[in-house]
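*Asks:* So that you have it, the file is work_31.csv, and it contains CSV, C-alpha atoms:
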```
chain,number,residue,atom,x,y,z
A,1,MET,CA,0.0,0.0,0.0
A,2,VAL,CA,1.2,3.4,-0.9
A,3,SER,CA,0.3,6.4,1.3
A,4,GLN,CA,-1.4,9.2,-0.5
A,5,ALA,CA,0.8,11.6,1.4
A,6,ARG,CA,3.8,10.4,-0.5
A,7,GLN,CA,5.0,11.7,-3.8
A,8,GLU,CA,3.4,9.5,-6.5
A,9,PRO,CA,5.0,8.9,-9.9
A,10,PRO,CA,2.9,9.7,-13.0
A,11,LEU,CA,0.6,7.0,-14.0
A,12,PRO,CA,1.5,5.1,-17.2
A,13,ARG,CA,-0.4,5.6,-20.4
A,14,SER,CA,-3.1,3.0,-20.9
A,15,SER,CA,-3.4,0.8,-24.0
A,16,SER,CA,-5.8,3.4,-25.4
A,17,GLY,CA,-2.9,5.9,-25.4
A,18,ILE,CA,-4.7,8.3,-23.0
A,19,SER,CA,-3.0,9.1,-19.7
A,20,LYS,CA,-5.2,8.1,-16.8
A,21,LEU,CA,-4.2,11.2,-15.0
A,22,ALA,CA,-5.8,13.3,-17.8
A,23,MET,CA,-9.1,11.4,-17.8
A,24,ASP,CA,-11.0,14.2,-15.9
A,25,ALA,CA,-10.0,16.8,-18.4
A,26,ILE,CA,-11.6,14.8,-21.3
A,27,PRO,CA,-15.4,15.1,-21.8
A,28,ALA,CA,-16.7,11.6,-21.4
A,29,PRO,CA,-19.1,10.2,-24.0
A,30,PRO,CA,-21.9,7.8,-22.7
A,31,LEU,CA,-20.6,4.8,-20.9
A,32,LEU,CA,-20.5,2.0,-23.6
A,33,LEU,CA,-17.6,-0.2,-22.8
A,34,ARG,CA,-16.5,-2.1,-25.9
A,35,SER,CA,-14.1,-5.0,-25.8
A,36,PRO,CA,-10.6,-4.1,-27.0
A,37,ALA,CA,-8.7,-5.6,-29.8
A,38,PRO,CA,-6.5,-7.5,-30.4
A,39,GLY,CA,-7.1,-10.2,-27.9
A,40,ILE,CA,-4.7,-11.5,-25.3
A,41,ASP,CA,-3.1,-14.8,-26.0
A,42,LEU,CA,-3.1,-17.3,-23.1
A,43,PRO,CA,-0.5,-20.1,-23.2
A,44,GLY,CA,-1.8,-23.6,-23.6
A,45,VAL,CA,-5.1,-22.6,-25.2
A,46,ALA,CA,-5.3,-24.1,-28.8
A,47,LYS,CA,-6.6,-22.0,-31.6
A,48,ASP,CA,-9.3,-24.5,-32.7
A,49,LYS,CA,-9.9,-26.7,-29.6
A,50,ILE,CA,-9.8,-26.3,-25.9
A,51,PRO,CA,-7.6,-28.6,-23.8
A,52,ALA,CA,-9.3,-31.4,-21.8
A,53,PRO,CA,-8.8,-29.7,-18.4
A,54,PHE,CA,-11.0,-26.8,-19.5
A,55,VAL,CA,-14.0,-29.0,-20.4
A,56,TRP,CA,-16.9,-28.7,-17.9
A,57,PRO,CA,-19.6,-31.3,-17.2
A,58,GLN,CA,-22.6,-31.0,-19.5
A,59,ASP,CA,-24.9,-30.2,-16.7
A,60,ASP,CA,-23.1,-27.0,-15.9
A,61,THR,CA,-22.7,-26.0,-19.6
A,62,ARG,CA,-26.4,-26.4,-20.4
A,63,PRO,CA,-27.3,-24.0,-23.2
A,64,THR,CA,-28.3,-20.5,-22.6
A,65,SER,CA,-32.0,-19.7,-22.7
A,66,ALA,CA,-33.1,-17.5,-25.6
A,67,ALA,CA,-35.1,-15.4,-23.2
A,68,ALA,CA,-33.1,-12.8,-21.3
A,69,LEU,CA,-33.6,-12.4,-17.6
A,70,ASP,CA,-36.2,-9.8,-16.7
A,71,VAL,CA,-33.8,-7.4,-14.9
A,72,PRO,CA,-35.2,-3.9,-14.1
A,73,VAL,CA,-33.0,-0.9,-14.7
A,74,VAL,CA,-33.5,1.2,-11.6
A,75,ASP,CA,-32.7,4.9,-11.4
A,76,VAL,CA,-30.9,5.4,-8.1
A,77,GLY,CA,-30.7,9.1,-8.8
A,78,VAL,CA,-34.2,9.4,-7.3
A,79,LEU,CA,-32.6,9.0,-3.8
A,80,ARG,CA,-31.0,12.5,-4.3
A,81,ASN,CA,-33.4,14.5,-6.6
A,82,GLY,CA,-36.5,14.5,-4.4
A,83,ASP,CA,-38.7,12.5,-6.8
A,84,ALA,CA,-41.1,10.8,-4.4
A,85,ALA,CA,-43.0,8.9,-7.0
A,86,GLY,CA,-39.8,7.8,-8.7
A,87,LEU,CA,-38.4,6.6,-5.3
A,88,ARG,CA,-41.5,4.5,-4.7
A,89,ARG,CA,-41.2,3.0,-8.1
A,90,ALA,CA,-37.5,2.2,-7.6
A,91,ALA,CA,-38.1,0.5,-4.3
A,92,ALA,CA,-40.9,-1.6,-5.8
A,93,GLN,CA,-38.6,-2.6,-8.7
A,94,VAL,CA,-35.9,-3.7,-6.3
A,95,ALA,CA,-38.2,-5.5,-4.0
A,96,ALA,CA,-39.7,-7.6,-6.9
A,97,ALA,CA,-36.3,-8.4,-8.5
A,98,CYS,CA,-34.6,-9.3,-5.2
A,99,ALA,CA,-37.4,-11.5,-3.9
A,100,THR,CA,-37.3,-13.4,-7.2
A,101,HIS,CA,-33.7,-13.8,-8.4
A,102,GLY,CA,-31.6,-11.0,-6.7
A,103,PHE,CA,-30.5,-9.2,-9.8
A,104,PHE,CA,-31.2,-5.6,-11.1
A,105,GLN,CA,-29.3,-2.9,-12.9
A,106,VAL,CA,-28.8,0.7,-11.9
A,107,CYS,CA,-28.6,3.9,-13.9
A,108,GLY,CA,-28.3,7.5,-12.6
A,109,HIS,CA,-25.4,6.3,-10.4
A,110,GLY,CA,-23.1,9.2,-11.2
A,111,VAL,CA,-20.0,7.0,-11.7
A,112,ASP,CA,-17.6,8.9,-14.0
A,113,ALA,CA,-17.6,7.2,-17.4
A,114,ALA,CA,-14.0,8.1,-18.1
A,115,LEU,CA,-12.9,6.6,-14.7
A,116,ALA,CA,-14.8,3.3,-15.6
A,117,ARG,CA,-13.0,3.2,-19.0
A,118,ALA,CA,-9.6,3.8,-17.3
A,119,ALA,CA,-10.2,1.0,-14.8
A,120,LEU,CA,-11.1,-1.5,-17.5
A,121,ASP,CA,-8.1,-0.4,-19.6
A,122,GLY,CA,-5.8,-0.8,-16.6
A,123,ALA,CA,-7.0,-4.3,-16.2
A,124,SER,CA,-6.4,-5.1,-19.8
A,125,ASP,CA,-2.9,-3.6,-19.4
A,126,PHE,CA,-2.2,-6.0,-16.5
A,127,PHE,CA,-3.5,-9.1,-18.4
A,128,ARG,CA,-1.3,-8.2,-21.3
A,129,LEU,CA,1.8,-8.5,-19.2
A,130,PRO,CA,4.1,-11.5,-19.8
A,131,VAL,CA,2.8,-14.7,-18.0
A,132,ALA,CA,5.9,-14.8,-15.7
A,133,GLU,CA,5.2,-11.2,-14.6
A,134,LYS,CA,1.5,-12.0,-13.8
A,135,GLN,CA,2.5,-15.2,-12.0
A,136,ARG,CA,4.5,-13.1,-9.5
A,137,ALA,CA,1.2,-11.7,-8.3
A,138,ARG,CA,-0.5,-15.2,-8.2
A,139,ARG,CA,-3.1,-15.8,-5.5
A,140,VAL,CA,-2.3,-18.2,-2.7
A,141,PRO,CA,-5.1,-20.8,-2.3
A,142,GLY,CA,-7.5,-19.9,0.6
A,143,THR,CA,-6.9,-16.2,0.2
A,144,VAL,CA,-8.6,-13.6,-1.9
A,145,SER,CA,-5.8,-11.4,-3.2
A,146,GLY,CA,-3.8,-11.9,-6.4
A,147,TYR,CA,-3.9,-13.3,-9.9
A,148,THR,CA,-5.5,-16.6,-10.8
A,149,SER,CA,-7.2,-18.6,-13.5
A,150,ALA,CA,-10.8,-17.8,-12.5
A,151,HIS,CA,-11.5,-19.6,-9.2
A,152,ALA,CA,-9.6,-22.8,-10.3
A,153,ASP,CA,-9.0,-24.1,-6.8
A,154,ARG,CA,-12.6,-23.4,-5.7
A,155,PHE,CA,-14.4,-25.2,-8.6
A,156,ALA,CA,-11.9,-28.1,-8.7
A,157,CYS,CA,-13.7,-29.8,-5.8
A,158,LYS,CA,-16.9,-30.1,-7.8
A,159,LEU,CA,-15.3,-31.2,-11.1
A,160,PRO,CA,-13.7,-34.5,-12.2
A,161,GLY,CA,-9.9,-34.2,-12.2
A,162,ARG,CA,-8.8,-30.6,-11.9
A,163,ARG,CA,-10.9,-28.5,-14.3
A,164,ARG,CA,-10.1,-25.0,-15.2
A,165,SER,CA,-11.9,-22.0,-16.6
A,166,PRO,CA,-10.5,-20.3,-19.7
A,167,SER,CA,-10.4,-16.9,-18.0
A,168,ALA,CA,-8.3,-15.0,-15.5
A,169,SER,CA,-8.8,-12.6,-12.7
A,170,THR,CA,-6.9,-10.5,-10.3
A,171,THR,CA,-8.4,-9.5,-6.9
A,172,ALA,CA,-7.6,-7.0,-4.1
A,173,PRO,CA,-9.1,-6.3,-0.8
A,174,ARG,CA,-10.4,-2.8,-0.3
A,175,ARG,CA,-10.4,-1.1,3.1
A,176,PRO,CA,-11.5,2.4,4.0
A,177,SER,CA,-8.2,4.1,4.6
A,178,SER,CA,-6.0,6.8,3.3
A,179,SER,CA,-4.0,4.3,1.3
A,180,THR,CA,-3.8,3.2,-2.3
A,181,THR,CA,-4.0,-0.6,-2.7
A,182,SER,CA,-2.5,-2.3,-5.8
A,183,PRO,CA,-4.4,-5.4,-6.9
A,184,ALA,CA,-1.1,-6.9,-8.1
A,185,PRO,CA,1.2,-6.1,-5.2
A,186,SER,CA,4.1,-8.2,-6.5
A,187,ALA,CA,4.0,-6.8,-10.0
A,188,ARG,CA,6.0,-3.8,-8.9
A,189,THR,CA,7.6,-3.2,-12.2
A,190,SER,CA,4.1,-2.0,-13.1
A,191,SER,CA,3.4,-0.5,-9.7
A,192,GLN,CA,0.9,2.0,-11.0
A,193,TRP,CA,-1.3,-0.7,-12.4
A,194,GLY,CA,-3.7,-0.1,-9.4
A,195,GLY,CA,-2.7,3.4,-8.5
A,196,ARG,CA,-5.1,6.3,-8.1
A,197,VAL,CA,-7.5,5.1,-10.8
A,198,TYR,CA,-8.4,2.0,-8.7
A,199,GLN,CA,-8.4,4.0,-5.5
A,200,ARG,CA,-11.0,6.4,-7.0
A,201,TYR,CA,-13.0,3.6,-8.7
A,202,CYS,CA,-13.3,1.7,-5.4
A,203,GLU,CA,-14.3,5.0,-3.6
A,204,GLU,CA,-17.1,5.5,-6.1
A,205,MET,CA,-18.2,1.9,-5.8
A,206,LYS,CA,-18.3,2.3,-2.0
A,207,ASP,CA,-20.5,5.4,-2.3
A,208,LEU,CA,-22.7,3.6,-4.8
A,209,SER,CA,-23.1,0.6,-2.6
A,210,LEU,CA,-24.2,2.7,0.4
A,211,THR,CA,-26.7,4.4,-1.9
A,212,ILE,CA,-28.1,1.0,-2.9
A,213,MET,CA,-28.3,0.1,0.8
A,214,GLU,CA,-30.6,3.0,1.3
A,215,LEU,CA,-32.8,1.7,-1.5
A,216,LEU,CA,-32.8,-1.8,0.0
A,217,GLU,CA,-33.9,-0.3,3.3
A,218,LEU,CA,-36.8,1.3,1.6
A,219,SER,CA,-37.7,-1.8,-0.3
A,220,LEU,CA,-37.9,-3.9,2.8
A,221,GLY,CA,-39.5,-1.3,5.0
A,222,VAL,CA,-36.7,-1.4,7.6
A,223,GLU,CA,-35.6,1.5,9.7
A,224,ARG,CA,-33.7,4.1,7.8
A,225,GLY,CA,-29.9,3.8,8.1
A,226,TYR,CA,-29.9,0.2,9.3
A,227,TYR,CA,-28.0,-1.2,6.3
A,228,ARG,CA,-26.1,1.9,5.3
A,229,ASP,CA,-24.7,2.3,8.8
A,230,PHE,CA,-23.9,-1.4,9.0
A,231,PHE,CA,-21.6,-1.1,5.9
A,232,GLU,CA,-20.2,2.4,6.5
A,233,ASP,CA,-16.9,0.8,7.7
A,234,SER,CA,-17.1,-2.1,5.2
A,235,ARG,CA,-14.1,-4.2,4.0
A,236,SER,CA,-14.7,-4.8,0.3
A,237,ILE,CA,-13.0,-6.6,-2.6
A,238,MET,CA,-12.5,-5.7,-6.2
A,239,ARG,CA,-11.9,-8.2,-8.9
A,240,CYS,CA,-10.8,-7.6,-12.5
A,241,ASN,CA,-11.9,-10.4,-14.9
A,242,TYR,CA,-10.7,-11.3,-18.4
A,243,TYR,CA,-12.4,-13.9,-20.6
A,244,PRO,CA,-10.5,-14.6,-23.9
A,245,PRO,CA,-12.2,-15.8,-27.1
A,246,CYS,CA,-12.8,-19.5,-27.0
A,247,PRO,CA,-13.1,-21.9,-30.0
A,248,GLU,CA,-15.5,-24.2,-28.2
A,249,PRO,CA,-17.6,-22.0,-25.9
A,250,GLU,CA,-20.4,-24.7,-25.6
A,251,ARG,CA,-17.9,-27.0,-23.8
A,252,THR,CA,-16.6,-24.7,-21.1
A,253,LEU,CA,-17.3,-21.7,-18.8
A,254,GLY,CA,-15.6,-18.5,-18.0
A,255,THR,CA,-16.7,-18.8,-14.4
A,256,GLY,CA,-18.6,-21.8,-13.1
A,257,PRO,CA,-22.0,-21.7,-11.3
A,258,HIS,CA,-21.8,-20.0,-7.9
A,259,CYS,CA,-23.5,-17.7,-5.4
A,260,ASP,CA,-21.5,-14.7,-4.1
A,261,PRO,CA,-20.9,-15.1,-0.3
A,262,THR,CA,-20.5,-11.3,0.1
A,263,ALA,CA,-23.4,-8.9,0.7
A,264,LEU,CA,-23.7,-7.1,-2.6
A,265,THR,CA,-21.9,-7.2,-6.0
A,266,ILE,CA,-21.6,-4.3,-8.4
A,267,LEU,CA,-20.5,-5.4,-11.8
A,268,LEU,CA,-19.2,-3.2,-14.6
A,269,GLN,CA,-19.1,-5.2,-17.8
A,270,ASP,CA,-18.3,-4.3,-21.4
A,271,ASP,CA,-20.8,-4.7,-24.2
A,272,VAL,CA,-19.9,-8.4,-25.0
A,273,GLY,CA,-22.2,-10.0,-22.4
A,274,GLY,CA,-21.7,-13.3,-20.7
A,275,LEU,CA,-23.4,-13.1,-17.3
A,276,GLU,CA,-26.2,-15.6,-16.8
A,277,VAL,CA,-28.5,-16.4,-13.9
A,278,LEU,CA,-30.2,-19.7,-13.1
A,279,VAL,CA,-34.0,-19.1,-12.8
A,280,ASP,CA,-36.5,-22.0,-12.9
A,281,GLY,CA,-34.0,-24.4,-14.3
A,282,ASP,CA,-32.9,-22.1,-17.2
A,283,TRP,CA,-29.7,-20.1,-17.7
A,284,ARG,CA,-31.0,-16.6,-18.5
A,285,PRO,CA,-28.6,-14.0,-19.9
A,286,VAL,CA,-28.3,-10.5,-18.3
A,287,ARG,CA,-28.0,-8.2,-21.3
A,288,PRO,CA,-25.5,-5.3,-21.0
A,289,VAL,CA,-27.3,-1.9,-20.8
A,290,PRO,CA,-25.2,1.1,-21.8
A,291,GLY,CA,-24.4,3.2,-18.8
A,292,ALA,CA,-25.9,0.8,-16.3
A,293,MET,CA,-24.2,-1.4,-13.7
A,294,VAL,CA,-25.4,-4.9,-12.7
A,295,ILE,CA,-26.2,-5.4,-9.0
A,296,ASN,CA,-26.8,-8.8,-7.3
A,297,ILE,CA,-27.6,-9.9,-3.8
A,298,GLY,CA,-25.1,-12.1,-2.1
A,299,ASP,CA,-25.4,-14.7,0.7
A,300,THR,CA,-24.5,-12.2,3.5
A,301,PHE,CA,-27.3,-9.8,2.5
A,302,MET,CA,-29.7,-12.8,2.1
A,303,ALA,CA,-29.0,-13.4,5.8
A,304,LEU,CA,-29.4,-9.7,6.6
A,305,SER,CA,-32.8,-9.7,4.9
A,306,ASN,CA,-33.8,-12.9,6.9
A,307,GLY,CA,-34.0,-14.8,3.6
A,308,ARG,CA,-36.5,-12.4,1.9
A,309,TYR,CA,-34.0,-11.5,-0.8
A,310,LYS,CA,-32.4,-14.2,-2.9
A,311,SER,CA,-28.8,-15.0,-3.6
A,312,CYS,CA,-29.0,-17.0,-6.9
A,313,LEU,CA,-26.6,-19.1,-8.9
A,314,HIS,CA,-25.0,-17.3,-11.7
A,315,ARG,CA,-22.1,-18.1,-14.2
A,316,ALA,CA,-20.1,-16.4,-16.9
A,317,VAL,CA,-20.0,-17.9,-20.4
A,318,VAL,CA,-17.3,-17.3,-23.0
A,319,ASN,CA,-17.6,-16.0,-26.6
A,320,ARG,CA,-16.3,-17.7,-29.7
A,321,ARG,CA,-15.0,-14.4,-31.3
A,322,GLN,CA,-14.7,-11.7,-28.7
A,323,GLU,CA,-12.9,-11.3,-25.4
A,324,ARG,CA,-14.8,-9.9,-22.5
A,325,ARG,CA,-13.7,-7.8,-19.5
A,326,SER,CA,-15.5,-6.9,-16.3
A,327,LEU,CA,-14.8,-5.4,-12.9
A,328,ALA,CA,-16.7,-6.8,-9.9
A,329,PHE,CA,-16.9,-4.9,-6.6
A,330,PHE,CA,-17.9,-7.0,-3.7
A,331,LEU,CA,-19.3,-5.3,-0.6
A,332,CYS,CA,-18.4,-7.0,2.7
A,333,PRO,CA,-19.0,-6.1,6.3
A,334,ARG,CA,-16.1,-5.3,8.6
A,335,GLU,CA,-14.7,-8.7,9.8
A,336,ASP,CA,-16.1,-8.4,13.4
A,337,ARG,CA,-19.5,-7.1,12.4
A,338,VAL,CA,-22.3,-9.4,13.6
A,339,VAL,CA,-24.6,-10.2,10.7
A,340,ARG,CA,-28.2,-9.9,12.1
A,341,PRO,CA,-31.4,-8.9,10.3
A,342,PRO,CA,-33.4,-5.9,11.6
A,343,THR,CA,-36.4,-6.5,13.7
A,344,THR,CA,-38.6,-4.1,11.7
A,345,GLY,CA,-40.1,-4.3,8.3
A,346,ALA,CA,-40.3,-7.4,6.1
A,347,ALA,CA,-37.0,-8.8,7.3
A,348,GLY,CA,-38.3,-8.9,10.9
A,349,ALA,CA,-41.8,-10.2,10.1
A,350,ALA,CA,-40.9,-13.9,10.1
A,351,PRO,CA,-38.9,-16.2,12.4
A,352,ARG,CA,-35.2,-16.0,12.1
A,353,ARG,CA,-33.8,-18.3,9.4
A,354,TYR,CA,-30.1,-18.0,10.2
A,355,PRO,CA,-28.2,-17.5,13.5
A,356,ASP,CA,-26.0,-14.4,14.2
A,357,PHE,CA,-22.5,-14.7,12.7
A,358,THR,CA,-19.5,-12.5,11.9
A,359,TRP,CA,-18.2,-11.9,8.4
A,360,ALA,CA,-14.8,-13.3,9.5
A,361,ASP,CA,-16.4,-16.7,10.3
A,362,PHE,CA,-18.4,-16.8,7.2
A,363,MET,CA,-15.4,-15.9,5.0
A,364,ARG,CA,-13.4,-18.6,6.7
A,365,PHE,CA,-16.1,-21.1,6.0
A,366,THR,CA,-16.6,-20.2,2.3
A,367,GLN,CA,-12.8,-20.3,1.6
A,368,SER,CA,-12.5,-23.8,3.0
A,369,HIS,CA,-16.0,-25.4,2.4
A,370,TYR,CA,-16.9,-24.0,-1.0
A,371,ARG,CA,-20.3,-25.0,-2.4
A,372,ALA,CA,-21.4,-24.5,-6.0
A,373,ASP,CA,-25.1,-24.4,-5.0
A,374,THR,CA,-27.6,-22.2,-3.2
A,375,ARG,CA,-27.4,-23.9,0.2
A,376,THR,CA,-24.2,-22.3,1.5
A,377,LEU,CA,-25.9,-20.5,4.3
A,378,ASP,CA,-27.7,-23.7,5.4
A,379,ALA,CA,-24.4,-25.6,5.4
A,380,PHE,CA,-22.7,-22.7,7.3
A,381,THR,CA,-25.5,-22.8,10.0
A,382,THR,CA,-24.8,-26.5,10.5
A,383,TRP,CA,-21.1,-25.8,10.7
A,384,LEU,CA,-21.6,-23.1,13.4
A,385,ALA,CA,-23.8,-25.4,15.4
A,386,ARG,CA,-20.9,-27.8,15.8
A,387,GLY,CA,-19.2,-25.4,18.2
A,388,PRO,CA,-17.0,-22.2,18.3
A,389,PRO,CA,-15.5,-21.8,14.8
A,390,ALA,CA,-12.0,-21.1,16.4
A,391,GLN,CA,-12.1,-24.7,17.7
A,392,GLN,CA,-13.0,-26.3,14.3
A,393,GLN,CA,-10.6,-27.4,11.7
A,394,ALA,CA,-10.9,-25.6,8.4
```
Using structure tokens, write down the structure from this file.
*Replies:*
Amino acid sequence: MVSQARQEPPLPRSSSGISKLAMDAIPAPPLLLRSPAPGIDLPGVAKDKIPAPFVWPQDDTRPTSAAALDVPVVDVGVLRNGDAAGLRRAAAQVAAACATHGFFQVCGHGVDAALARAALDGASDFFRLPVAEKQRARRVPGTVSGYTSAHADRFACKLPGRRRSPSASTTAPRRPSSSTTSPAPSARTSSQWGGRVYQRYCEEMKDLSLTIMELLELSLGVERGYYRDFFEDSRSIMRCNYYPPCPEPERTLGTGPHCDPTALTILLQDDVGGLEVLVDGDWRPVRPVPGAMVINIGDTFMALSNGRYKSCLHRAVVNRRQERRSLAFFLCPREDRVVRPPTTGAAGAAPRRYPDFTWADFMRFTQSHYRADTRTLDAFTTWLARGPPAQQQA
């Protein structure tokens, strides 16, 4: 981490040729994030066929439904502009979506379009580094920081042999401090890869996540400030994802089926598309909407809503001709926060479904007992009932 009080070197120019430092001086067109060209070559991936370790079971690679998921585009700007009717409409949209599948998109968020482009370009610059350089930032299994072939160790427990995903990601924890965190801490020859762009991007994501918490409060009828205050001192994670073109997309996945254990995910994706949600047995695509960001409920907020809002299985598919990039911001509570639903509103109207727990215990459980299904919270409840987590073996 580099203190902001220290002298910072100029940021490198991105692959687009525009200095990230100058992004604020350039009028930003509407946020439409196109996949860059040319693609990034990954070693070991054949041009016309994928290697056997990348082939997923047929049940997980079931074809995508032709019908897109009905995901409302919610204007979160109504929380600030005094539009009472618009606010009621937004709360109703969120309530309906979250009670059904947990996904919606937001517009009117105020995130700087030039900043979003710079963040995606910075990720592309990192993934274009030589493999040996990226491997210096590789993630240690059981931790969340570093470079990896998308969740390879987590999905391996579910697949025959040791299957892999034809994608890559790099992840960094994000804490509220006066520091700049680099997502690739060991790639110091490109030490500005994270830099101020990612500091600013994470700050804007934190602000947006707290705004969404206000909307979730309204949608559930809980006391104002309950969720926003809970996450004010949050410990969050940002992940940069890269999905290269794949010659046999029907036989593999970019990221396998999973639920997010965190509270809330804010996804910035380019215009290629690839996010899909399992609803009523069908994999339904979430179409990119220019200027919008995708929001989904995670397991932790499912517990905070006492099971009213759903954390659903989703996956990322790959494209035969185009690469895809995305940035995922995962909102997490402070490690020692006790996850407990409010006693008011819809969340408090039914008997408790889950016991009190801390984010530290839940993170420990998900890192060592990963489940690719929707019953993680139930399994975690059983795990907690065995005794104090500190006395259990991971």
*Asks:* Point out the residue among A:Pro247, A:Arg287, A:Leu377, A:Glu276 with the least atom-to-atom distance to Ala303 (chain A), counting all atoms listed in the file.
*Replies:*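 Nearest to Ala303 (chain A): A:Leu377.
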*Asks:* Using all atoms listed in the file, find each residue of region 318-383 of chain A with at least one atom at most 12 Å away from an atom of region 204-219 of chain A; report its shortest atom-to-atom pair and that distance in Å (one decimal), sort the rows by chain and rising residue number, and return the result as a Markdown table.
*Replies:*
```
| residue | atom | partner | partner_atom | distance |
| --- | --- | --- | --- | --- |
| A:Leu327 | CA | A:Met205 | CA | 10.7 |
| A:Ala328 | CA | A:Met205 | CA | 9.7 |
| A:Phe329 | CA | A:Met205 | CA | 7.0 |
| A:Phe330 | CA | A:Met205 | CA | 9.1 |
| A:Leu331 | CA | A:Ser209 | CA | 7.3 |
| A:Cys332 | CA | A:Ser209 | CA | 10.4 |
| A:Pro333 | CA | A:Leu210 | CA | 11.8 |
| A:Pro341 | CA | A:Glu217 | CA | 11.4 |
| A:Pro342 | CA | A:Glu217 | CA | 10.0 |
| A:Thr344 | CA | A:Glu217 | CA | 10.3 |
| A:Gly345 | CA | A:Glu217 | CA | 8.9 |
| A:Ala346 | CA | A:Ser219 | CA | 8.9 |
| A:Ala347 | CA | A:Glu217 | CA | 9.9 |
```
*Asks:* Under the rule that only C-alpha atoms are counted, which of A:Leu220, A:Ala99, A:Ala91, A:Val76 is the nearest residue to Ser311 (chain A)?
*Replies:*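 Among A:Leu220, A:Ala99, A:Ala91, A:Val76, it is A:Ala99 that comes nearest to Ser311 (chain A).
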*Asks:* Have a look at CA of Ile50 (chain A) and CA of Val140 (chain A) and let me know their distance in Å, one decimal.
*Replies:*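 Calculated distance between CA of Ile50 (chain A) and CA of Val140 (chain A) is 25.7 Å.
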*Asks:* Would you mind reading off the distance between CA of Val222 (chain A) and CA of Ala349 (chain A), one decimal, in Å?
*Replies:* 10.5 Å
*Asks:* Just give me the residues with any atom within 8 Å of (-23.9, -19.1, -19.8), file coordinates, counting only C-alpha atoms, written as number ranges by chain.
*Replies:* A: 61-64, 253, 274-277, 283-285, 315-318
*Asks:* Could you jot down the CA of Arg196 (chain A) to CA of Phe126 (chain A) separation for me, Å, one decimal place?
*Replies:* 15.2 Å
*Asks:* Could you check the closest approach to Gln367 (chain A) for each of A:Ser305, A:Ser234, A:Asn81, A:Thr262 and tell me which residue wins, using all atoms listed in the file?
*Replies:* A:Thr262
*Asks:* Can you work out which one of A:Pro141, A:Pro288, A:Gly348, A:Gly281 has the shortest atom-to-atom distance to Leu268 (chain A), counting only C-alpha atoms?
*Replies:*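 Distance minimum relative to Leu268 (chain A) lands on A:Pro288.
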*Asks:* Counting only C-alpha atoms, which of A:Arg371, A:Cys246, A:Cys98, A:Thr376 gets nearest to Asp48 (chain A)?
*Replies:*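 Under the stated criterion, the closest residue is A:Cys246.
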*Asks:* Can you work out which one of A:Thr366, A:Asn241, A:Ser236, A:Gln199 has the shortest atom-to-atom distance to Asp260 (chain A), counting all atoms listed in the file?
*Replies:* A:Thr366
*Asks:* Give me, as a PyMOL selection string, all polymer residues having an atom no more than 10 Å from Val289 (chain A), counting all atoms listed in the file and skipping those fewer than 3 positions away in the same chain.
*Replies:* chain A and resi 31-32+73+105-107+269-271+273+286+292-294
*Asks:* Pick out the residues sitting within 7 Å of Phe365 (chain A), and hand them over as a PDB file with C-alpha atoms, in the frame of the given file; count all atoms listed in the file, and ignore anything fewer than 4 positions along from it in its own chain.
*Replies:*
```
ATOM      1  CA  ASP A 361     -16.400 -16.700  10.300  1.00  0.00           C
ATOM      2  CA  HIS A 369     -16.000 -25.400   2.400  1.00  0.00           C
ATOM      3  CA  PHE A 380     -22.700 -22.700   7.300  1.00  0.00           C
TER       4      PHE A 380
END
```
